[in-house]
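Peer 1: Dumping the structure here so I can ask a few things about it.
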Amino acid sequence: MDYHNDRFDDFSLMIYDDKKLIALLPANIKDNVLYSHQGLTYGGLLLNGNTKFKVVLKSFESVLKYLNQRDIKTLHIKQIPVIYNKIPSDEVQYLMFLLEAELEKRDQLSVINLNERVKFSKNRLEGCNRANKHGLIIKEEDNFDSFWNEILIKNLDEKHNATPVHSLEEIKLLKSRFPKNIRQFNVYDGNKIVAGTTVFESKNVAHSQYISGNEDKNTLGSLDVLHAHLIENVFAHKTYFDFGVSTENGGKQVNYGLQFWKEGFGARTITQDFYKLKTENFKKLESVLL
């Protein structure tokens, strides 16, 4: 996270049982309110596979008590989508119920279970056929310049008046630190780049962090053939392929065109929840265990 540490006042917490580190809470503080780290897409309480429910409960109780004693009254926490956990881990989700946390936001992610795949739709197959007829070529490359400068930045600016979350320099830095986990795939029509995606790869999941094509993407079928290739070949050994969110306006609306495209590959919905809770409610956890 240190590549953007100038944007956040870090307040990450480490939870110990005696001298043994048992949990982490990546976090930052702003106006005396603690946030599950705003510089991370996914957050929450990080645990190892040996951690059982009682330890999770006592860890979270300790965090809230610690914050309350330091006059930090409010915690905003975002859950880790279930597909990113190596084993079942909904303990904190259950604690949100016990703590009477307020659900602030629920994002919708489009995910393919690669072990139980749904067939590609007719639209996506037609796109792949168009790409093959045009002779499009897919390449994995270590260079991000062409995709960022010729495709991604231009599209985000024209369609959303926005810029990528990661600058070109930042994604290069992250790639240098995590060379096996950040991968760039580009599509070419001859020597011209026409589309691409930046994939963040973890143990169980391949996640398309950035997806973008030029103005001819529908005519060429560039994004269709690219993602069909990733799903069927490059990441077929993974458990999940994650297209990310299609929700806008705080999770209250869905970009249906984007959702329709993702579902054409067999993606279906999972959710990520964002909660707000009072730290003084740590007392509600004291009498949970019978």
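Just remember, in the structure tokens the first chain shown is A, the second B, etc., residues are 1-based per chain, and ligands are 1-based in the order shown.
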How close does range 126-156 of chain A get to range 164-171 of chain A? List, as CSV, each residue of range 126-156 of chain A within 9 Å, its nearest atom pair and the distance in Å to one decimal, counting only C-alpha atoms.
Peer 2:
```
residue,atom,partner,partner_atom,distance
A:Phe144,CA,A:Leu168,CA,7.2
A:Asp145,CA,A:Leu168,CA,7.1
A:Trp148,CA,A:Leu168,CA,6.6
A:Asn149,CA,A:Leu168,CA,8.4
A:Leu152,CA,A:Pro164,CA,7.5
A:Ile153,CA,A:Pro164,CA,6.6
A:Leu156,CA,A:Pro164,CA,7.2
```
Peer 1: Report the residues of range 73-114 of chain A whose backbone DSSP state falls under helix (DSSP H, G or I), written as number ranges by chain.
Peer 2: A: 82-84, 91-98
Peer 1: Emit the selected residues as a PDB file, in the first residue's frame, including C-alpha atoms.
Peer 2:
```
ATOM      1  CA  VAL A  82     -16.230 -14.655  -0.426  1.00  0.00           C
ATOM      2  CA  ILE A  83     -14.390 -15.885  -3.528  1.00  0.00           C
ATOM      3  CA  TYR A  84     -11.128 -14.352  -2.275  1.00  0.00           C
ATOM      4  CA  GLU A  91     -17.386 -14.795  10.853  1.00  0.00           C
ATOM      5  CA  VAL A  92     -17.142 -11.011  10.549  1.00  0.00           C
ATOM      6  CA  GLN A  93     -20.310 -10.948   8.447  1.00  0.00           C
ATOM      7  CA  TYR A  94     -22.115 -12.613  11.332  1.00  0.00           C
ATOM      8  CA  LEU A  95     -20.577 -10.153  13.782  1.00  0.00           C
ATOM      9  CA  MET A  96     -22.048  -7.274  11.785  1.00  0.00           C
ATOM     10  CA  PHE A  97     -25.491  -8.655  12.662  1.00  0.00           C
ATOM     11  CA  LEU A  98     -24.613  -8.944  16.349  1.00  0.00           C
TER      12      LEU A  98
END
```
Peer 1: Need to verify the contact set: range 263-270 of chain A, 8 Å, only C-alpha atoms, exclusion of same-chain residues closer than 6 positions in sequence. Can you return it as a PDB file with C-alpha atoms, in the first residue's frame?
Peer 2:
```
ATOM      1  CA  PRO A  81     -15.826 -10.985  -1.272  1.00  0.00           C
ATOM      2  CA  GLN A 108     -22.577  -6.438  -7.180  1.00  0.00           C
ATOM      3  CA  LEU A 109     -19.686  -8.386  -8.706  1.00  0.00           C
ATOM      4  CA  SER A 110     -19.978 -10.539 -11.833  1.00  0.00           C
ATOM      5  CA  VAL A 111     -18.137 -13.823 -11.309  1.00  0.00           C
ATOM      6  CA  ILE A 112     -17.671 -17.058 -13.232  1.00  0.00           C
ATOM      7  CA  ASN A 113     -17.270 -20.327 -11.333  1.00  0.00           C
ATOM      8  CA  ARG A 117     -19.202 -22.913 -16.237  1.00  0.00           C
ATOM      9  CA  VAL A 118     -22.289 -21.652 -18.025  1.00  0.00           C
ATOM     10  CA  LYS A 119     -22.044 -21.727 -21.832  1.00  0.00           C
ATOM     11  CA  PHE A 120     -21.156 -18.497 -23.629  1.00  0.00           C
ATOM     12  CA  SER A 121     -24.151 -16.672 -25.064  1.00  0.00           C
ATOM     13  CA  LYS A 122     -24.816 -16.374 -28.788  1.00  0.00           C
ATOM     14  CA  ASN A 123     -23.753 -12.698 -28.689  1.00  0.00           C
ATOM     15  CA  ARG A 124     -20.355 -13.487 -27.186  1.00  0.00           C
ATOM     16  CA  ALA A 228     -12.994 -16.005 -24.036  1.00  0.00           C
ATOM     17  CA  PHE A 243     -15.188  -9.239 -13.910  1.00  0.00           C
TER      18      PHE A 243
END
```
Peer 1: Report as a list in words all protein, DNA and RNA residues lying within 7 Å of Gly251 in chain A, evaluated on only C-alpha atoms, omitting residues in the same chain fewer than 3 positions from it.
Peer 2: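 Counting only the stated atoms, we get Lys105, Arg106, Asp107, Thr247 and Glu248 of chain A.
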Peer 1: Measuring atom to atom with only C-alpha atoms, identify which of A:Ala236, A:Leu57, A:Asp242, A:His227 is nearest to Ala206 in chain A.
Peer 2: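 Distance minimum relative to Ala206 in chain A lands on A:Asp242.
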Peer 1: Give me the residues near Lys30 in chain A as a PyMOL selection string, where near means some atom within 10 Å (using only C-alpha atoms) and where sequence neighbours in that chain fewer than 3 positions away do not count.
Peer 2: chain A and resi 8-11+33-35
Peer 1: Find the residue from A:Ser212, A:Ser59, A:Thr198, A:Asn143 that sits nearest to Ser176 in chain A; use only C-alpha atoms when measuring.
Peer 2: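 The answer is A:Asn143, which sits nearest to Ser176 in chain A.
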Peer 1: Counting only C-alpha atoms, which residue out of A:Phe241, A:Tyr256, A:Tyr188, A:Tyr16 sits closest to His207 in chain A?
Peer 2: A:Phe241
Peer 1: For a test of reading the model, state the distance in Å between CA of Glu104 in chain A and CA of Lys252 in chain A, rounded to one decimal.
Peer 2: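 Here the two named atoms are 10.7 Å from each other.
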Peer 1: So that I can see what lies close to Gln184 in chain A, please list as a count of residues only the residues with an atom at most 10 Å from it, counting only C-alpha atoms and leaving out residues fewer than 3 positions away in the same chain.
Peer 2: 15
Peer 1: So which residues of range 197-278 of chain A fall under strand (DSSP E) by DSSP, listed as number ranges by chain?
Peer 2: A: 197-201, 205-213, 240-245, 247-248, 253-254, 268-278
Peer 1: Residues near Glu215 in chain A, anyone? I mean within 9 Å using only C-alpha atoms, not counting same-chain ones fewer than 2 positions away, as a VMD selection string.
Peer 2: chain A and resid 155 194 213 217 to 219
Peer 1: Include C-alpha atoms and write out the residues we just selected as a PDB file, in the first residue's frame.
Peer 2:
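The new file again_0.pdb reads:
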```pdb
ATOM      1  CA  ASN A 155     -11.986   5.865 -22.800  1.00  0.00           C
ATOM      2  CA  VAL A 194      -7.446  -2.248 -30.210  1.00  0.00           C
ATOM      3  CA  GLY A 213     -11.330  -1.353 -26.129  1.00  0.00           C
ATOM      4  CA  LYS A 217     -14.538  -3.099 -30.152  1.00  0.00           C
ATOM      5  CA  ASN A 218     -18.065  -4.242 -31.035  1.00  0.00           C
ATOM      6  CA  THR A 219     -17.355  -4.480 -34.770  1.00  0.00           C
TER       7      THR A 219
END
```
Peer 1: So how many Å separate CA of Leu136 in chain A and CA of Asp189 in chain A, to one decimal?
Peer 2: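 Between these atoms lies a distance of 5.0 Å.
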